[in-house]
Every structure is written in C-alpha cells, then in structure tokens.
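Colleague: Pasting a structure here, questions to come.
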Amino acid sequence: MIEFIGTDLDGTLLNSYSKISSENIQAIRKVVNSGVAFAICSGRTLHSVNKFFEKDLKIAGYRVVLNGAVVVDPKGQKIIDQPLDSKIVNEILKRSEFSQFKVVLDGINDVHIYDPNHSWTTYYEGMSRHHLKADSVGDLIKLNQQKDFDVYKVCFSCPPQRLHELQKKLESFTSLPITISRSGNYYFEINSQDVTKLSALQQISELSKIPMRNFMCFGDYGNDLEMIKNVGYGVAMKNAIESVKDAAWRITDTNNQNGVANMIERVLNDKFN
C-alpha cells in the first residue's frame with residue numbers, strides 16, 4: 001500500500017530542460033487527490049522548490065530541501081531545520097581557500113557562489129536574485145561569520161580533469177562531523193552529520209504515522225541512494241547511476257520519458273507489484 005510518494009527533482013521529476021512535464025503534473029495531482037501524501041526531495045533551496053509547487057504542481061506537499069536539512073510540511077510549518085555549524089563551515093572553507101575549486105554556500109533560500117572560472121551558476125540554475133556572486137573564498141568565510149545567515153550546505157565542483165584532486169580534498173574532510181554526497185559527475189555536497197533525504201523522510205514518517213514501508217521514492221543520483229535503498233518502494237530512473245539502480249526495488253523510464261508519471265499510473269491502477 002502506497003501512502004507517501006517522494007521524488008527528487010533534477011534528473012528525476014524534471015526533464016533535461018528543467019521542466020515538469022504535463023504528464024508528471026497530472027499524475028501527481030491525481031495521486032494526491034486519491035489521498036497519498038507527496039514530497040519533493042531535493043538538494044535545492046526552499047525558494048527553488050517552492051516555485052515548482054506554486055507554478056506547476058499547485059498542490060499541498062512536503063518540501064524536503066537542501067538534502068533534508070530543512071523540511072516544511074504541507075501546511076507551511078518548518079519541521080526540520082539543521083544548518084551546518086559555522087565553525088565546521090569555517091574549517092572547510094579555510095582548508096580549501098587556495099584550491100581554486102568552485103564553492104557554493106547554500107542558505108535556506110539564497111546561494112552564494114565563488115567560481116575561479118567565472119561561471120556564476122549552480123548545477124541547477126543560472127544567476128538570479130537568489131544566486132549571488134562571491135569574489136573569493138574569503139568572501140564566503142566572512143559571509144559564514146554573519147549571525148543572520150545560516151549555511152545548510154557547502155558544495156564543491158570542478159572541471160573533469162581536476163576530479164581526482166577534488167575527491168582527495170573531500171577525503172581530508174571526512175574526520176569532520178559532516179555528510180558528503182554526490183549529486184553530479186563533478187558536484188559534491190556537504191551537510192551536517194546524519195542529514196540526508198532519508199533522515200528527513202524518517203522524521204516525516206514518525207510525525208505522520210505513515211510507515212516507511214509504505215513510502216515510494218524516486219531518484220537518480222548519489223544523494224538519493226540511501227532514500228531509494230531504505231524506503232518500501234525505491235524507484236530508480238532509467239537514467240540513474242548504476243548504484244542507485246542496483247539499490248532500487250524497480251526501475252522506471254527516464255526523466256525525459258515521464259518515468260515518475262508512468263510509475264504513479266501503475267500505482268493508481270494497482271499494477272505496481
């Protein structure tokens with residue numbers, strides 16, 4: 001019995017143009033109208049995820065954002081708020097200040113980007129009023145010291161030829177109380193210790209009294225792996241990385257073939273087992 005459906009955004013619910021297809025929208029509305037709870041589970045900020053609810057889906061649902069560091073329930077109440085300790089953020093930034101990697105600090109709604117190659121974008125969006133340019137890692141260190149700005153996630157990315165170098169740098173952080181996940185070929189994200197999409201869903205399960213065995217979740221990349229592995233019905237996209245496919249209960253069509261909608265229709269028609 002499916003009582004809760006959660007889905008990642010990029011590479012999962014969104015197609016290659018970062019849009020939710022009309023097929024996905026209609027299937028989600030239909031399953032929510034049938035009484036199933038719904039969540040977007042994303043590494044994105046709350047502002048970015050809210051846009052998809054307000055402009056596209058137009059339904060009530062959970063926002064599991066920043067890889068689970070913040071969760072807002074369907075009534076708009078924040079039920080999880082776990083920023084990184086500013087001292088840990090400072091340590092990470094100090095250790096990488098002269099490494100010349102792209103570094104992004106995620107607040108709850110705003111992201112601050114330092115890029116030595118001057119591409120001031122995140123992995124999911126270009127520049128906007130919520131995407132702000134930093135001129136140096138030193139600027140990010142100063143931002144982290146501000147009392148009115150909480151950092152929920154530190155992100156690192158690099159050109160392909162520097163991947164091994166970046167991985168070695170990230171390995172040097174593993175003694176810190178943090179969680180490191182991979183959300184793209186050359187993109188890594190750092191949250192507080194034990195903060196994951198799965199940990200957020202476990203908290204939702206406890207509060208909603210919906211058992212995890214009745215959760216169906218969709219994903220495609222490393223920051224979805226634990227979620228896909230540990231819910232009752234973990235569904236990998238056909239375009240997912242192999243480790244996510246291996247952990248999944250089922251594999252659906254790609255994000256460009258309405259894979260989320262196709263599986264939801266099977267749920268609605270009781271043909272998913």
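Scheme for the structure tokens: letters A, B, ... for chains in order shown; per-chain residue numbers from 1; ligand numbers from 1 in order shown.
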Quick check for you: according to DSSP on this backbone, which residues of segment 35-184 of chain A are classed as strand (DSSP E or B)? Reply as a ChimeraX atom specification.
Modeller: /A:37-41,62-65,70-72,78-81,102-106,111-114,128,131-134,153-157,178-184
Colleague: Please list as a list in words every residue within 7 Å of Ala261 of chain A, counting only C-alpha atoms and excluding residues in the same chain fewer than 5 positions away.
Modeller: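 Neighbouring residues, sequence-local ones excluded: Glu23, Asn24 and Ala27 of chain A.
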Colleague: Please produce an output containing N, CA and C atoms for each residue in the selection, written as a CSV table (one decimal), in the first residue's frame.
Modeller:
chain,number,residue,atom,x,y,z
A,23,GLU,N,2.5,15.5,-18.2
A,23,GLU,CA,2.2,14.1,-17.7
A,23,GLU,C,2.5,13.9,-16.3
A,24,ASN,N,3.7,14.4,-15.9
A,24,ASN,CA,4.1,14.2,-14.5
A,24,ASN,C,3.2,15.0,-13.6
A,27,ALA,N,-0.3,13.3,-13.2
A,27,ALA,CA,-0.2,12.0,-12.4
A,27,ALA,C,0.0,12.4,-10.9
Colleague: Check segment 53-263 of chain A with DSSP on the backbone and list each residue it calls alpha helix (DSSP H), as JSON, numbers by chain.
Modeller: {"A": [86, 87, 88, 89, 90, 91, 92, 93, 94, 95, 137, 138, 139, 140, 141, 142, 143, 144, 163, 164, 165, 166, 167, 168, 169, 170, 171, 197, 198, 199, 200, 201, 202, 203, 204, 205, 206, 207, 208, 225, 226, 227, 228, 229, 230, 242, 243, 244, 245, 246, 247, 259, 260, 261, 262, 263]}
Colleague: Residues within 6 Å of segment 58-72 of chain A, please, as a list in words. Count only C-alpha atoms; anything in the same chain fewer than 2 positions from it doesn't count.
Modeller: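 Selected residues are Phe38, Ala39, Ile40, Cys41, Ser42, Gly43, Arg44, Thr45, Leu46, Phe53, Glu54, Asp56, Pro74, Gly76, Gln77, Lys78, Ile79, Ile80, Asp81, Gln82, Val195, Thr196, Lys197 and Ala200 of chain A.
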Colleague: Contacts between segment 162-181 of chain A and segment 196-271 of chain A, please, where a residue of segment 196-271 of chain A counts if it comes within 10 Å (with only C-alpha atoms); show its shortest atom pair and distance in Å to one decimal, rows by chain and ascending number, as a tab-separated table.
Modeller:
residue	atom	partner	partner_atom	distance
A:Thr196	CA	A:Thr179	CA	7.7
A:Tyr221	CA	A:Ser181	CA	9.3
A:Gly222	CA	A:Ser181	CA	6.2
A:Asn223	CA	A:Ser181	CA	5.2
A:Asp224	CA	A:Ser181	CA	8.9
A:Leu225	CA	A:Ser181	CA	9.4
Colleague: Could the residues in this selection be saved with N, CA and C atoms as a CSV table (one decimal), in the first residue's frame?
Modeller:
chain,number,residue,atom,x,y,z
A,196,THR,N,20.4,13.7,5.7
A,196,THR,CA,20.2,13.1,4.4
A,196,THR,C,18.7,13.2,4.0
A,221,TYR,N,20.5,9.9,-8.4
A,221,TYR,CA,22.0,10.1,-8.2
A,221,TYR,C,22.4,9.8,-6.7
A,222,GLY,N,23.6,10.0,-6.4
A,222,GLY,CA,24.2,9.6,-5.2
A,222,GLY,C,23.5,10.1,-3.9
A,223,ASN,N,23.0,11.4,-4.0
A,223,ASN,CA,22.3,11.9,-2.8
A,223,ASN,C,20.9,11.3,-2.7
A,224,ASP,N,20.5,10.5,-3.6
A,224,ASP,CA,19.2,9.7,-3.5
A,224,ASP,C,19.4,8.3,-3.0
A,225,LEU,N,20.6,7.8,-3.0
A,225,LEU,CA,20.9,6.4,-2.8
A,225,LEU,C,20.3,5.8,-1.5
Colleague: Report as a PyMOL selection string all protein, DNA and RNA residues lying within 7 Å of segment 10-18 of chain A, evaluated on only C-alpha atoms, omitting residues in the same chain fewer than 5 positions from it.
Modeller: chain A and resi 218-220+237+255-256+260
